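All remarks here apply to the structure that follows.
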Amino acid sequence: MNDVEKIQQLAANINQVKREIGKVIIGQKEIVDQLLISLLARGHCLLVGVPGLAKTLLIRTLSSSLDLTFSRIQFTPDLMPGDITGTEVIEDDRSTGQKVFRFVKGPVFANIVLADEINRTPPKTQSALLEAMQEHSVTAAGTTYHLDEPFFVLATQNPIEQEGTYPLPEAQLDRFMFNLLLDYPNFNEEMEIVRSTTVEQSPDVRHVMNAHDIIEAQNLVRRVPVADNVIEFAVSLVHSSRPGNGSHKIVKDFISYGAGPRASQYLILGAKARAALSGRVTPEIADVKAVALPVLRHRIVTNFNAEAEGVNADSIVEEIVSQGSQRSVV
C-alpha cells in the first residue's frame with residue numbers, strides 16, 4: 001500500500017474514531033478535530049475551559065476509541081515531581097538478602113496523560129511533566145526510562161479560579177502545540193447532553209486504532225509533502241507576530257513578544273495532519289489558517305496597551321491571519 005492509499009485509509013479510520021467519540025461526547029466537533037490533529041502531529045494540547053465541560057470524559061473517550069492507555073493526574077499545590085514521574089523504593093533482594101532500590105513508575109507512563117489543572121502546582125512539579133513531554137523519557141538516579149509511544153499530554157487550566165495558581169511561563173507554554181478553548185454547548189446540544197447522561201445505560205465505545213496504528217499514522221503525516229508557498233505563508237504569519245519585522249500596526253501597538261520558530265513548525269505539522277485527516281495528500285494555505293489560532297494564541301505576549309484597550313491574543317491572531325491572506329493574494 002502506497003502513501004496515498006494509506007492517507008485514504010487513515011481518513012476513513014479517523015472518521016470512525018469521531019463516530020465512536022460522538023457516542024459519548026455531544027458537540028465539541030472542532031475540539032475533537034484539533035485533538036486528533038495534535039496527536040498525529042506528535043504535539044501536546046493545553047485545554048482551557050470552565051468546570052463541567054467534560055474535558056476528562058472527552059480525553060478518556062478518545063483513549064478508549066484508540067485503544068491507548070490513559071492516566072489522569074490531579075495537580076494540587078502539594079504534588080511532588082516524583083508523584084508524576086515515579087519514585088525509587090527500597091526492598092529486599094531475596095537472592096542476596098541485601099537492600100536494593102526499585103523504580104516504581106508514575107502515572108506519566110501512559111499513552112495519553114491528562115494533567116488536570118496544571119496551574120495548581122508549583123513550577124518545580126510542572127517542569128517534571130514538561131521535561132517528559134519534551135524528551136519522552138524520565139531520568140531517575142542516573143537511569144533513563146523511555147515513555148511508551150505514542151505519548152500525548154493534555155493539560156487543563158481553569159480560567160475562572162486564579163487564586164493559589166502558578167501560571168505556566170511563556171517558555172513552558174511554547175511546548176504545547178495547541179491551546180484549545182472549550183466553550184459552553186449550545187441549547188440543543190445541552191438538551192441532548194442531559195437526555196443522554198441521565199439514563200442508566202451508557203454507550204459502548206469500540207476500539208478503532210491501536211498504538212501501532214497511531215505511530216504509523218504519525219510517521220505518515222511526517223512524510224506528507226508541502227509546497228514552498230504554504231511554508232512561506234506559515235513562516236510569514238509567525239514573522240508578522242513579532243514587533244519590529246515590518247509588522248502590522250496591531251502587532252506594534254499591542255504585542256511585546258511574538259511567536260518563535262516552533263510556531264512555524266507546528267503550523268506546518270498541523271496543516272499536514274489536517275490534510276491527511278481529510279484524505280488529501282498535501283496541505284493548502286487554508287489548512288495553515290485553520291490551525292493558526294490554537295498554535296499562536298499562547299505564543300504571543302501582549303503588552304499593557306492591549307490590556308487597557310481590551311485587545312486579546314485571539315483578536316490579534318485573527319487580524320494577522322486576515323492581513324496575511326490579503327498580502328498573499330496580491
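Letters A, B, ... mark the chains of the C-alpha cells in the order given; residue numbers begin at 1 per chain; ligand numbers begin at 1, in order shown.
Non-sequential neighbours of His239 in chain A (distance at most 12 Å, separation of 5 or more positions within a chain, only C-alpha atoms) are Glu232, Phe233, Ala234, Gly244, Asn245, Gly246, Ser247, His248, Val251, Tyr257, Gly258, Ala259, Gly260, Pro261, Arg262, Ala263, Ser264, Leu296, Ile300, Val317, Ile320, Val321 and Gly324 of chain A.
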Next item on the list: Mind checking which residues fall within 12 Å of Ala155 in chain A, counting only C-alpha atoms, ignoring those fewer than 3 positions away in the same chain, and posting them as an MDAnalysis selection string?
Entry: chainID A and resid 35 44:49 55:56 59 71:75 112:120 126 129:130 133 152 158 168 172:173 175:181
Note to self: Could you pull out the alpha helix (DSSP H) residues of range 162-219 of chain A, going by DSSP on the backbone, and write them as a PyMOL selection string?
What the structure shows: chain A and resi 170-173+187-197+211-219
Just the residues within 7 Å of range 268-279 of chain A, please, counting only C-alpha atoms, with nothing from its chain fewer than 3 positions along; format it as a JSON list (two decimals) with C-alpha atoms, in the first residue's frame.
[["chain", "number", "residue", "atom", "x", "y", "z"],
["A", 7, "ILE", "CA", -3.82, 8.52, 3.74],
["A", 8, "GLN", "CA", -7.22, 7.44, 2.42],
["A", 10, "LEU", "CA", -6.23, 6.94, 7.75],
["A", 11, "ALA", "CA", -9.03, 9.39, 6.88],
["A", 14, "ILE", "CA", -10.32, 8.81, 11.85],
["A", 37, "ILE", "CA", -4.54, 16.77, 14.58],
["A", 38, "SER", "CA", -2.26, 17.36, 17.55],
["A", 40, "LEU", "CA", -0.98, 12.78, 14.75],
["A", 41, "ALA", "CA", 1.49, 15.68, 14.64],
["A", 221, "VAL", "CA", 1.97, 12.65, 8.48],
["A", 224, "VAL", "CA", 3.25, 14.38, 3.63],
["A", 231, "ILE", "CA", 5.63, 27.03, 4.11],
["A", 234, "ALA", "CA", 3.19, 29.85, 7.62],
["A", 264, "SER", "CA", 6.22, 27.80, 12.27],
["A", 265, "GLN", "CA", 6.97, 24.11, 12.70],
["A", 282, "THR", "CA", -0.78, 17.70, 0.60],
["A", 283, "PRO", "CA", -1.86, 20.69, 2.74],
["A", 287, "ASP", "CA", -5.04, 24.33, 6.43],
["A", 288, "VAL", "CA", -2.44, 26.69, 7.89],
["A", 291, "VAL", "CA", -4.65, 25.81, 12.84]]
Next item on the list: For Pro81 in chain A, please output as a list in words all residues within 6 Å (counting only C-alpha atoms; exclusion window: fewer than 2 positions along the same chain).
Entry: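 In the requested form, the answer reads Asp83, Ile84, Thr125 and Ala128 of chain A.
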Next item on the list: Identify which of the residues A:Leu79, A:Ala227, A:Ala110, A:Leu293 lies closest to Leu147 in chain A, counting only C-alpha atoms when measuring atom-to-atom distances.
Entry: A:Ala110
Item checked: Shell of 9 Å around Ser63 in chain A, only C-alpha atoms, local chain residues under 6 positions omitted, as a PyMOL selection string -> chain A and resi 69-70+111-112+207
Could you write those residues out with C-alpha atoms, as a compact mmCIF listing (two decimals), in the first residue's frame?
# COMPACT_ATOMS: atom_id res chain seq x y z
CA THR A 69 -3.58 3.56 27.98
CA PHE A 70 -4.94 6.56 29.89
CA ASN A 111 -0.04 6.81 26.17
CA ILE A 112 -2.45 9.64 26.99
CA HIS A 207 -11.56 0.39 19.62
Next item on the list: For each of A:Ile255, A:Val226, A:Leu39, A:Leu237, take the minimum atom-to-atom distance to Glu149 in chain A, counting only C-alpha atoms, then give the residue where this is smallest.
Entry: A:Leu39
Name the residues in contact with Ile25 in chain A at a cut-off of 7 Å, using only C-alpha atoms, excluding same-chain residues fewer than 3 positions from it; report them as a compact mmCIF listing (two decimals) with C-alpha atoms, in the first residue's frame.
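The result, stored in around-v1.txt:
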# COMPACT_ATOMS: atom_id res chain seq x y z
CA ILE A 21 -16.34 9.64 20.34
CA GLY A 22 -19.67 11.11 19.21
CA LEU A 58 -13.51 13.63 26.26
Item checked: Selection near Gly27 in chain A, 10 Å with only C-alpha atoms, sequence-local residues under 6 positions removed, as a list in words ->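 Within the cut-off, the hits are Tyr184, Pro185, Asn186, Asn188, Glu189, Glu190, Glu192 and Ile193 of chain A.
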Residues as selected, N, CA and C atoms, written as a JSON list (two decimals), in the first residue's frame, can you do that?
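Below you can see result_17.json, which holds the result:
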[["chain", "number", "residue", "atom", "x", "y", "z"],
["A", 184, "TYR", "N", -19.13, 26.70, 26.24],
["A", 184, "TYR", "CA", -20.37, 26.04, 26.64],
["A", 184, "TYR", "C", -21.07, 25.44, 25.42],
["A", 185, "PRO", "N", -21.80, 24.35, 25.59],
["A", 185, "PRO", "CA", -22.61, 23.82, 24.48],
["A", 185, "PRO", "C", -23.78, 24.75, 24.21],
["A", 186, "ASN", "N", -24.29, 24.67, 22.97],
["A", 186, "ASN", "CA", -25.49, 25.46, 22.68],
["A", 186, "ASN", "C", -26.72, 24.78, 23.30],
["A", 188, "ASN", "N", -29.45, 23.24, 22.12],
["A", 188, "ASN", "CA", -29.84, 21.91, 21.64],
["A", 188, "ASN", "C", -28.84, 20.86, 22.08],
["A", 189, "GLU", "N", -27.55, 21.20, 22.05],
["A", 189, "GLU", "CA", -26.53, 20.26, 22.49],
["A", 189, "GLU", "C", -26.68, 19.95, 23.98],
["A", 190, "GLU", "N", -26.97, 20.97, 24.77],
["A", 190, "GLU", "CA", -27.14, 20.74, 26.20],
["A", 190, "GLU", "C", -28.39, 19.90, 26.48],
["A", 192, "GLU", "N", -29.44, 17.52, 24.52],
["A", 192, "GLU", "CA", -29.03, 16.16, 24.19],
["A", 192, "GLU", "C", -28.10, 15.59, 25.26],
["A", 193, "ILE", "N", -27.22, 16.45, 25.82],
["A", 193, "ILE", "CA", -26.32, 16.00, 26.89],
["A", 193, "ILE", "C", -27.13, 15.52, 28.10]]
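Relative to CA of Val89 in chain A, CA of Ala132 in chain A is found at 20.8 Å.
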Check: Which of these, A:Ser137, A:Asp67, A:Thr61, A:Leu182, has the shortest distance to Gln28 in chain A once you count only C-alpha atoms?
Finding: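 Closest to Gln28 in chain A of all the choices is A:Leu182.
For the pair CA of Phe151 in chain A and CA of His136 in chain A, the separation is 7.2 Å.
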Note to self: When you count only C-alpha atoms, which of these residues is closest to Asp213 in chain A: A:Gly86, A:Gly106, A:Pro150, A:Pro167?
What the structure shows: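 Using only C-alpha atoms, the shortest distance to Asp213 in chain A belongs to A:Pro150.
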Next item on the list: Select from range 239-325 of chain A everything DSSP, run on the backbone, classes as strand (DSSP E or B), then give the selection as an MDAnalysis selection string.
Entry: chainID A and resid 255:257 301:302
Residue selection dump (C-alpha atoms) as a PDB file, in the first residue's frame:
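Just written: out_10.pdb:
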ATOM      1  CA  ILE A 255       2.483  42.795  21.345  1.00  0.00           C
ATOM      2  CA  SER A 256       5.622  42.685  23.491  1.00  0.00           C
ATOM      3  CA  TYR A 257       6.982  39.382  22.176  1.00  0.00           C
ATOM      4  CA  VAL A 301       2.761  38.125  24.771  1.00  0.00           C
ATOM      5  CA  THR A 302       0.513  41.179  24.819  1.00  0.00           C
TER       6      THR A 302
END
Check: Between CA of Phe103 in chain A and CA of Thr143 in chain A, what is the distance, to one decimal in Å?
Finding: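 CA of Phe103 in chain A sits 9.6 Å away from CA of Thr143 in chain A.
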Next item on the list: Go through A:Ser322, A:Asn210, A:Gln218, A:Thr85 and flag the residue nearest Thr144 in chain A, using only C-alpha atoms for the distances.
Entry: A:Thr85
